[in-house]
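**Q** My structure is below; once you've seen it, I'll send some questions.
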Amino acid sequence: MTRDQIAEHLRFAAELGVAGVSRDPAWRLRTTAPSIPPASHSVDDAQVEPPPVAAPHCVDHAEALAAIKAEIGPDCSRCKLHALGRTQVVFGVGNPDARLMFVGEAPGGDEDTQGVPFVGRAGQLLTKIIEAIGMTRDEVYIANVIKCRPPQNRNPEPDEVARCEPFLFHQIDVVQPRVIVALGKFATQALLRTLDPISRLRGRVFEYRGAKLIPTFHPAFLLRNPASKREVWEDMKLVKRLLAESFPPES
Ligand code: SF4
């Protein structure tokens with residue numbers, strides 16, 4: 001990291017509400033952050049998982065993801081979005097063995113052009129959020145509930161979600177993340193099968209397909225409402241703690 005990148009990272013961390021950073025190298029390696037307050041959340045007992053779908057029988061996660069991508073195909077026409085102006089199917093990106101997965105709503109304009117999720121302004125903010133908890137984009141896996149851009153970035157419709165979401169379930173079952181962050185109202189409501197507002201859902205932890213699911217605000221919402229970055233930072237501290245609990249230090 002260059003000095004400018006470090007300075008920018010620290011500025012963003014401060015903007016997110018990070019009180020301070022230790023120079024001690026052991027701080028980065030710690031598995032329980034002293035600055036994180038005791039859990040005020042409770043893991044919901046309710047199982048909100050939809051029925052599982054069969055994942056490809058590949059031991060290698062990268063191979064299995066490639067098989068899902070091939071199953072979708074570059075010209076998928078399973079829902080009407082294929083004929084409503086999409087440039088390409090936007091599958092997913094990142095570490096096939098990721099411990100942490102982010103799930104958004106649908107590709108936007110930049111994603112539709114580049115074929116990669118979260119590469120526009122909201123994506124750049126997501127990258128900073130990931131880096132703020134000491135990880136890189138390459139370490140996590142990122143996907144959307146639906147794989148094609150809706151016209152004028154409208155919300156995906158129920159029939160489109162019904163057609164496309166099984167592929168996301170495949171991706172989750174293959175990657176097997178320990179923690180899933182649902183980005184924004186749409187992704188959270190779609191995954192949890194609820195109409196509860198995101199303001200009621202965030203700050204809680206849900207059991208979901210073998211992972212802990214944490215809802216938080218979408219980065220695009222944060223661009224319009226920067227004051228909500230502090231709440232996202234609280235959510236990300238929870239993510240960090242859950243990951244640490246999943247991987248206790250070796251004695
Ligand atoms: S949104 Fe999903 S189901 Fe619809 S055309 Fe695109 S890839 Fe196929």
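Residue names in the structure tokens use chain letters A, B, ... in the order shown, residue numbers from 1 in each chain, and ligand numbers from 1 in the order shown.
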Sort by chain and increasing residue number a table of all residues of chain A within 7 Å of ligand 1, each with its closest pair of atoms and their distance in Å to one decimal, counting only C-alpha atoms and all ligand atoms, and write it as JSON lines.

**A**
{"residue": "A:Ile72", "atom": "CA", "partner": "ligand 1", "partner_atom_place_in_ligand_line": "7 (S)", "distance": 6.1}
{"residue": "A:Cys76", "atom": "CA", "partner": "ligand 1", "partner_atom_place_in_ligand_line": "8 (Fe)", "distance": 4.3}
{"residue": "A:Ser77", "atom": "CA", "partner": "ligand 1", "partner_atom_place_in_ligand_line": "5 (S)", "distance": 4.4}
{"residue": "A:Arg78", "atom": "CA", "partner": "ligand 1", "partner_atom_place_in_ligand_line": "3 (S)", "distance": 4.5}
{"residue": "A:Cys79", "atom": "CA", "partner": "ligand 1", "partner_atom_place_in_ligand_line": "4 (Fe)", "distance": 4.0}
{"residue": "A:Lys80", "atom": "CA", "partner": "ligand 1", "partner_atom_place_in_ligand_line": "4 (Fe)", "distance": 6.3}
{"residue": "A:Leu81", "atom": "CA", "partner": "ligand 1", "partner_atom_place_in_ligand_line": "5 (S)", "distance": 5.2}
{"residue": "A:His82", "atom": "CA", "partner": "ligand 1", "partner_atom_place_in_ligand_line": "5 (S)", "distance": 4.4}
{"residue": "A:Val89", "atom": "CA", "partner": "ligand 1", "partner_atom_place_in_ligand_line": "7 (S)", "distance": 5.6}
{"residue": "A:Ile146", "atom": "CA", "partner": "ligand 1", "partner_atom_place_in_ligand_line": "1 (S)", "distance": 4.9}
{"residue": "A:Lys147", "atom": "CA", "partner": "ligand 1", "partner_atom_place_in_ligand_line": "1 (S)", "distance": 4.6}
{"residue": "A:Cys148", "atom": "CA", "partner": "ligand 1", "partner_atom_place_in_ligand_line": "6 (Fe)", "distance": 4.2}
{"residue": "A:Glu160", "atom": "CA", "partner": "ligand 1", "partner_atom_place_in_ligand_line": "4 (Fe)", "distance": 5.7}
{"residue": "A:Arg163", "atom": "CA", "partner": "ligand 1", "partner_atom_place_in_ligand_line": "3 (S)", "distance": 4.8}
{"residue": "A:Cys164", "atom": "CA", "partner": "ligand 1", "partner_atom_place_in_ligand_line": "3 (S)", "distance": 4.0}

**Q** Residues within 8 Å of Ile142 (chain A), please, as a short mmCIF file (atom, residue, chain, number, x, y, z; two decimals) with C-alpha atoms, in the first residue's frame. Count only C-alpha atoms; anything in the same chain fewer than 4 positions from it doesn't count.

**A**
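Written file, selection30.cif:
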data_model
loop_
_atom_site.label_atom_id
_atom_site.label_comp_id
_atom_site.auth_asym_id
_atom_site.auth_seq_id
_atom_site.Cartn_x
_atom_site.Cartn_y
_atom_site.Cartn_z
CA GLY A 92 -19.97 -13.43 -9.46
CA VAL A 93 -16.38 -12.68 -8.53
CA GLY A 94 -13.83 -13.45 -5.86
CA MET A 101 -19.58 -13.43 0.96
CA PHE A 102 -21.46 -10.29 -0.07
CA VAL A 103 -24.81 -10.51 -1.84
CA GLY A 104 -26.31 -7.54 -3.63
CA PRO A 117 -20.47 -7.25 -9.80
CA PHE A 118 -19.89 -4.11 -7.76
#

**Q** Just list the residues in region 112-226 of chain A DSSP gives helix (DSSP H, G or I) on the backbone, as a PyMOL selection string.

**A** chain A and resi 112-114+121-132+137-139+151-153+158-175+184-192+198-201+219-224+226

**Q** Closest to Leu126 (chain A) among A:Pro150, A:Glu207, A:Val140, A:Arg202, using only C-alpha atoms?

**A**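 Smallest distance to Leu126 (chain A) is found for A:Val140.
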
**Q** Please return, as a list of chain:residue names, all residues of region 20-250 of chain A that DSSP assigns to strand (DSSP E or B) on the basis of the backbone.

**A**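 Those in region 20-250 of chain A that DSSP calls strand (DSSP E or B) are A:Val43, A:Asp44, A:Gly92, A:Val93, A:Gly94, A:Leu100, A:Met101, A:Phe102, A:Val103, A:Gly104, A:Tyr141, A:Ile142, A:Ala143, A:Asn144, A:Val179, A:Ile180, A:Val181, A:Ala182, A:Leu183, A:Val205, A:Phe206, A:Glu207, A:Tyr208, A:Ala211, A:Lys212, A:Leu213, A:Ile214, A:Pro215, A:Thr216.
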
**Q** Can you pull out the residues contacting Asn95 (chain A)? Cut-off 6 Å, using only C-alpha atoms, and skip same-chain residues under 5 positions away; I want them as a ChimeraX atom specification.

**A** /A:138-141

**Q** Take the residues from that selection and put them in a file with N, CA and C atoms, as a PDB file, in the first residue's frame.

**A**
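Below you can see selection_30.pdb, which holds the result:
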ATOM      1  N   ASP A 138     -10.157  -9.649  -3.114  1.00  0.00           N
ATOM      2  CA  ASP A 138      -9.781 -10.978  -3.599  1.00  0.00           C
ATOM      3  C   ASP A 138     -10.068 -12.071  -2.571  1.00  0.00           C
ATOM      4  N   GLU A 139     -10.194 -11.683  -1.321  1.00  0.00           N
ATOM      5  CA  GLU A 139     -10.405 -12.682  -0.269  1.00  0.00           C
ATOM      6  C   GLU A 139     -11.864 -13.064  -0.099  1.00  0.00           C
ATOM      7  N   VAL A 140     -12.771 -12.215  -0.594  1.00  0.00           N
ATOM      8  CA  VAL A 140     -14.200 -12.460  -0.382  1.00  0.00           C
ATOM      9  C   VAL A 140     -14.838 -12.886  -1.707  1.00  0.00           C
ATOM     10  N   TYR A 141     -16.108 -13.294  -1.628  1.00  0.00           N
ATOM     11  CA  TYR A 141     -16.846 -13.615  -2.847  1.00  0.00           C
ATOM     12  C   TYR A 141     -18.043 -12.673  -2.930  1.00  0.00           C
TER      13      TYR A 141
END
